Amino acid sequence: MRRLWIAAVYLIFTVLLIIPLIEIVRGSWADGWGGFTEALMRPQSLHALGMTGMIVIVVTLINTMFGVMLALYLVRAQWIGPRIKRLLNSLVDLPFAVSPVIGGLMIVLLLGPSTVIGAFFEDAGFKVVYALPGMILATLFVTFPIMVREVLPVLQEIGAQQEEAASTLGAYSWYTFWKVTWPSIRWGVIYGVVLTVARSLGEFGAVLVVSGNIMNKTQTATTLVYQDVENFNVVAANGVALVLAVFSVGLLLLMEWAKKRKEVH
């Protein structure tokens with residue numbers, strides 16, 4: 001029975017992951033090296049990949065800073081009551097429970113050009129929806145829980161004894177964080193960063209709703225793949241998808257390396 005379950009796991013893994021990756025590689029090289037490079041060197045591909053990279057960098061930086069901060073507050077803050085902490089803890093998981101498309105729609109309904117807030121920003125010359133800021137907000141909404149959920153269990157596990165001892169000895173809060181807290185949570189932060197980058201790279205639904213998918217303006221790599229498939233440009237779609245897949249696999253391998261390095265130390 002055990003062998004049967006192991007075989008079933010390998011079969012599912014092969015069908016859901018290995019075969020699709022092989023098909024993406026085959027599809028991207030259907031027209032040879034020339035077709036692959038042409039698909040990636042198109043103006044829309046370069047713009048979409050650049051837009052994706054910009055969103056990933058901004059979202060990862062914001063999520064790292066605020067995710068670690070919120071995790072610290074949920075675990076260490078004494079001035080937040082237990083009921084408020086439970087409420088905040090539940091709200092953190094909201095993006096996991098809500099479809100990304102709904103998240104994008106909420107941003108449009110709140111900050112779209114036809115809303116009071118959106119019209120105010122547009123009058124001030126700052127466009128949110130159907131522009132880069134809205135795409136960043138949509139990706140932030142989808143990825144925000146990742147960092148919190150990576151760091152929070154680590155903080156709960158290490159306890160607050162060392163931090164309290166440092167404060168008793170007169171250490172400032174920032175010094176305590178960098179010298180006591182950070183060494184204990186840095187690997188959790190690294191995992192959170194890797195997962196945030198991978199999730200940001202693959203986000204589609206929320207970004208599609210908020211961006212409008214305007215070529216050479218608000219198009220990301222995933223929405224470009226969607227458009228190429230819709231236009232039956234399968235080779236180009238596979239080429240861009242292969243770049244995203246290789247980058248994501250590389251991130252996962254990096255995370256596995258980080259885990260082994262942590263075990264060594």
# chains A, B, ... in the order shown; residues from 1 in each chain; ligands from 1

call {"tool": "closest_atom_pairs", "arguments": {"of": "segment 27-138 of chain A", "to": "segment 203-208 of chain A", "cutoff": "7 Å", "atoms": "only C-alpha atoms", "output": "JSON lines"}}
result
{"residue": "A:Pro100", "atom": "CA", "partner": "A:Ala206", "partner_atom": "CA", "distance": 4.7}
{"residue": "A:Val101", "atom": "CA", "partner": "A:Ala206", "partner_atom": "CA", "distance": 4.6}
{"residue": "A:Gly103", "atom": "CA", "partner": "A:Ala206", "partner_atom": "CA", "distance": 6.0}
{"residue": "A:Gly104", "atom": "CA", "partner": "A:Ala206", "partner_atom": "CA", "distance": 4.1}
{"residue": "A:Met135", "atom": "CA", "partner": "A:Val207", "partner_atom": "CA", "distance": 5.4}
{"residue": "A:Ala138", "atom": "CA", "partner": "A:Ala206", "partner_atom": "CA", "distance": 5.6}

call {"tool": "closest_atom_pairs", "arguments": {"of": "segment 119-215 of chain A", "to": "segment 69-84 of chain A", "cutoff": "8 Å", "atoms": "only C-alpha atoms", "output": "Markdown table"}}
result
| residue | atom | partner | partner_atom | distance |
| --- | --- | --- | --- | --- |
| A:Val148 | CA | A:Ala71 | CA | 5.3 |
| A:Arg149 | CA | A:Ala71 | CA | 7.9 |
| A:Val151 | CA | A:Ala71 | CA | 6.4 |
| A:Leu152 | CA | A:Ala71 | CA | 5.0 |
| A:Leu155 | CA | A:Val75 | CA | 6.9 |
| A:Gln156 | CA | A:Val75 | CA | 6.6 |
| A:Ala160 | CA | A:Arg76 | CA | 7.6 |

call {"tool": "write_last_selection", "arguments": {"atoms": "all heavy atoms", "output": "short mmCIF file (atom, residue, chain, number, x, y, z; two decimals), in the first residue's frame"}}
result
data_model
loop_
_atom_site.label_atom_id
_atom_site.label_comp_id
_atom_site.auth_asym_id
_atom_site.auth_seq_id
_atom_site.Cartn_x
_atom_site.Cartn_y
_atom_site.Cartn_z
N VAL A 148 4.42 37.76 6.92
CA VAL A 148 3.91 37.66 8.29
C VAL A 148 3.88 36.21 8.74
O VAL A 148 4.29 35.87 9.86
CB VAL A 148 2.51 38.29 8.40
CG1 VAL A 148 1.97 38.17 9.82
CG2 VAL A 148 2.54 39.75 7.99
N ARG A 149 3.38 35.33 7.89
CA ARG A 149 3.24 33.92 8.24
C ARG A 149 4.58 33.20 8.33
O ARG A 149 4.67 32.13 8.95
CB ARG A 149 2.33 33.22 7.23
CG ARG A 149 0.88 33.64 7.35
CD ARG A 149 0.34 33.29 8.71
NE ARG A 149 -0.95 33.91 8.97
CZ ARG A 149 -1.28 34.52 10.08
NH1 ARG A 149 -0.39 34.64 11.05
NH2 ARG A 149 -2.47 35.04 10.25
N VAL A 151 7.46 34.85 9.51
CA VAL A 151 8.20 35.42 10.64
C VAL A 151 7.47 35.18 11.96
O VAL A 151 8.11 34.92 12.99
CB VAL A 151 8.43 36.93 10.41
CG1 VAL A 151 9.09 37.57 11.63
CG2 VAL A 151 9.28 37.15 9.17
N LEU A 152 6.15 35.26 11.96
CA LEU A 152 5.38 35.17 13.21
C LEU A 152 5.64 33.89 14.00
O LEU A 152 5.88 33.95 15.22
CB LEU A 152 3.89 35.35 12.90
CG LEU A 152 2.95 35.53 14.08
CD1 LEU A 152 1.83 36.50 13.71
CD2 LEU A 152 2.34 34.20 14.50
N LEU A 155 9.04 34.09 15.81
CA LEU A 155 9.00 34.97 16.97
C LEU A 155 8.33 34.28 18.16
O LEU A 155 8.77 34.42 19.30
CB LEU A 155 8.26 36.26 16.63
CG LEU A 155 8.99 37.24 15.70
CD1 LEU A 155 8.06 38.35 15.26
CD2 LEU A 155 10.21 37.83 16.39
N GLN A 156 7.27 33.54 17.89
CA GLN A 156 6.59 32.82 18.97
C GLN A 156 7.48 31.73 19.55
O GLN A 156 7.46 31.48 20.76
CB GLN A 156 5.28 32.22 18.44
CG GLN A 156 4.22 33.26 18.10
CD GLN A 156 3.00 32.65 17.46
OE1 GLN A 156 3.08 31.61 16.79
NE2 GLN A 156 1.85 33.27 17.64
N ALA A 160 10.49 35.94 24.22
CA ALA A 160 10.94 37.33 24.39
C ALA A 160 11.97 37.49 25.50
O ALA A 160 12.32 38.62 25.86
CB ALA A 160 9.72 38.22 24.69
#

call {"tool": "closest_residue", "arguments": {"among": "A:Thr52, A:Ile190, A:Thr143, A:Val116", "to": "Thr222 of chain A", "atoms": "only C-alpha atoms"}}
result
A:Thr52

call {"tool": "select_by_dssp", "arguments": {"residues": "segment 71-154 of chain A", "states": "helix (DSSP H, G or I)", "output": "PyMOL selection string"}}
result
chain A and resi 71-76+82-92+94-97+100-111+116-123+132-154

call {"tool": "residues_around", "arguments": {"residues": "Ala48 of chain A", "least_positions_apart": "4", "cutoff": "7 Å", "atoms": "only C-alpha atoms", "output": "list in words"}}
result
Gln44, Thr52, Gln219, Thr220, Ala221 and Leu224 of chain A

call {"tool": "write_last_selection", "arguments": {"atoms": "N, CA, C and O atoms", "output": "short mmCIF file (atom, residue, chain, number, x, y, z; two decimals), in the first residue's frame"}}
result
data_model
loop_
_atom_site.label_atom_id
_atom_site.label_comp_id
_atom_site.auth_asym_id
_atom_site.auth_seq_id
_atom_site.Cartn_x
_atom_site.Cartn_y
_atom_site.Cartn_z
N GLN A 44 7.00 44.65 -26.53
CA GLN A 44 6.02 44.36 -25.48
C GLN A 44 6.56 43.37 -24.45
O GLN A 44 6.22 43.44 -23.26
N THR A 52 7.26 43.80 -14.67
CA THR A 52 7.18 42.73 -13.67
C THR A 52 8.32 42.85 -12.67
O THR A 52 8.13 42.74 -11.46
N GLN A 219 1.25 46.33 -18.83
CA GLN A 219 1.25 44.89 -19.07
C GLN A 219 2.42 44.24 -18.34
O GLN A 219 3.56 44.69 -18.44
N THR A 220 2.11 43.17 -17.60
CA THR A 220 3.15 42.38 -16.95
C THR A 220 3.42 41.12 -17.76
O THR A 220 2.73 40.85 -18.75
N ALA A 221 4.39 40.34 -17.33
CA ALA A 221 4.75 39.13 -18.07
C ALA A 221 3.59 38.14 -18.11
O ALA A 221 3.33 37.51 -19.14
N LEU A 224 0.88 39.36 -20.43
CA LEU A 224 1.35 39.23 -21.81
C LEU A 224 1.20 37.80 -22.29
O LEU A 224 0.79 37.56 -23.45
#

call {"tool": "atom_distance", "arguments": {"atom1": "atom CA of Val108 of chain A", "atom2": "atom CA of Gly192 of chain A"}}
result
27.5 Å

call {"tool": "residues_around", "arguments": {"residues": "Asn238 of chain A", "least_positions_apart": "6", "cutoff": "6 Å", "atoms": "only C-alpha atoms", "output": "ChimeraX atom specification"}}
result
/A:24,27-28

call {"tool": "write_last_selection", "arguments": {"atoms": "C-alpha atoms", "output": "PDB file, in the first residue's frame"}}
result
ATOM      1  CA  ILE A  24       6.618  24.872 -22.166  1.00  0.00           C
ATOM      2  CA  GLY A  27       6.719  25.135 -27.219  1.00  0.00           C
ATOM      3  CA  SER A  28       9.183  27.970 -26.678  1.00  0.00           C
TER       4      SER A  28
END

call {"tool": "atom_distance", "arguments": {"atom1": "atom CA of Trp29 of chain A", "atom2": "atom CA of Gly50 of chain A"}}
result
22.4 Å

call {"tool": "decode", "arguments": {"residues": "segment 80-178 of chain A", "atoms": "C-alpha atoms", "output": "CSV table (one decimal), in the first residue's frame"}}
result
chain,number,residue,atom,x,y,z
A,80,ILE,CA,-2.7,45.6,21.7
A,81,GLY,CA,-5.4,43.7,23.3
A,82,PRO,CA,-5.9,40.0,22.6
A,83,ARG,CA,-9.1,40.6,20.7
A,84,ILE,CA,-7.5,43.1,18.4
A,85,LYS,CA,-4.6,40.7,17.9
A,86,ARG,CA,-7.0,37.9,16.9
A,87,LEU,CA,-8.8,40.3,14.5
A,88,LEU,CA,-5.6,41.4,12.9
A,89,ASN,CA,-4.4,37.8,12.7
A,90,SER,CA,-7.6,36.9,10.8
A,91,LEU,CA,-7.3,39.9,8.5
A,92,VAL,CA,-3.8,38.9,7.6
A,93,ASP,CA,-5.1,35.7,6.0
A,94,LEU,CA,-7.9,37.6,4.1
A,95,PRO,CA,-5.9,37.5,0.8
A,96,PHE,CA,-5.6,33.7,1.1
A,97,ALA,CA,-9.4,33.4,1.4
A,98,VAL,CA,-10.4,36.0,-1.2
A,99,SER,CA,-9.9,35.4,-5.0
A,100,PRO,CA,-7.2,37.7,-6.4
A,101,VAL,CA,-9.7,38.9,-9.0
A,102,ILE,CA,-12.0,40.0,-6.2
A,103,GLY,CA,-9.0,41.8,-4.6
A,104,GLY,CA,-8.3,43.6,-7.8
A,105,LEU,CA,-12.0,44.5,-8.2
A,106,MET,CA,-12.0,46.0,-4.6
A,107,ILE,CA,-9.1,48.2,-5.5
A,108,VAL,CA,-10.9,49.4,-8.7
A,109,LEU,CA,-14.1,50.1,-6.7
A,110,LEU,CA,-12.2,52.0,-4.1
A,111,LEU,CA,-9.6,53.9,-6.2
A,112,GLY,CA,-11.0,53.7,-9.7
A,113,PRO,CA,-11.3,56.9,-11.8
A,114,SER,CA,-15.0,57.0,-11.2
A,115,THR,CA,-14.7,57.0,-7.4
A,116,VAL,CA,-14.2,60.0,-5.2
A,117,ILE,CA,-10.8,59.0,-4.0
A,118,GLY,CA,-9.6,57.9,-7.4
A,119,ALA,CA,-10.9,61.2,-9.0
A,120,PHE,CA,-9.1,63.2,-6.3
A,121,PHE,CA,-5.8,61.5,-7.0
A,122,GLU,CA,-6.2,61.9,-10.8
A,123,ASP,CA,-6.9,65.6,-10.4
A,124,ALA,CA,-3.7,65.8,-8.5
A,125,GLY,CA,-1.9,64.1,-11.4
A,126,PHE,CA,-1.5,60.7,-9.7
A,127,LYS,CA,-3.2,57.9,-11.4
A,128,VAL,CA,-3.7,54.7,-9.3
A,129,VAL,CA,-5.9,52.3,-11.2
A,130,TYR,CA,-4.9,51.3,-14.8
A,131,ALA,CA,-1.4,52.4,-13.8
A,132,LEU,CA,1.7,51.1,-12.0
A,133,PRO,CA,0.6,52.2,-8.4
A,134,GLY,CA,-2.6,50.1,-8.7
A,135,MET,CA,-0.7,47.1,-10.0
A,136,ILE,CA,1.7,47.4,-7.0
A,137,LEU,CA,-1.3,47.6,-4.6
A,138,ALA,CA,-2.9,44.6,-6.2
A,139,THR,CA,0.3,42.5,-5.8
A,140,LEU,CA,0.7,43.8,-2.3
A,141,PHE,CA,-2.8,42.6,-1.4
A,142,VAL,CA,-2.1,39.1,-2.7
A,143,THR,CA,1.4,38.7,-1.2
A,144,PHE,CA,1.1,40.5,2.1
A,145,PRO,CA,0.4,37.4,4.3
A,146,ILE,CA,3.5,35.6,3.2
A,147,MET,CA,6.1,37.5,5.2
A,148,VAL,CA,3.9,37.7,8.3
A,149,ARG,CA,3.2,33.9,8.2
A,150,GLU,CA,7.0,33.1,7.9
A,151,VAL,CA,8.2,35.4,10.6
A,152,LEU,CA,5.4,35.2,13.2
A,153,PRO,CA,5.9,31.5,14.2
A,154,VAL,CA,9.6,32.1,14.6
A,155,LEU,CA,9.0,35.0,17.0
A,156,GLN,CA,6.6,32.8,19.0
A,157,GLU,CA,9.1,30.0,19.2
A,158,ILE,CA,12.1,32.0,20.3
A,159,GLY,CA,10.1,33.9,23.0
A,160,ALA,CA,10.9,37.3,24.4
A,161,GLN,CA,13.4,36.5,27.2
A,162,GLN,CA,16.5,37.6,25.4
A,163,GLU,CA,14.9,40.8,24.2
A,164,GLU,CA,13.7,41.6,27.7
A,165,ALA,CA,17.1,41.0,29.0
A,166,ALA,CA,18.7,43.4,26.5
A,167,SER,CA,16.1,46.0,27.4
A,168,THR,CA,16.8,45.5,31.1
A,169,LEU,CA,20.5,46.1,30.4
A,170,GLY,CA,19.7,49.4,28.8
A,171,ALA,CA,19.7,48.5,25.1
A,172,TYR,CA,17.6,50.7,22.8
A,173,SER,CA,14.8,49.1,20.8
A,174,TRP,CA,16.6,49.3,17.4
A,175,TYR,CA,19.8,47.9,18.9
A,176,THR,CA,17.8,45.0,20.5
A,177,PHE,CA,16.2,44.3,17.2
A,178,TRP,CA,19.4,44.2,15.2
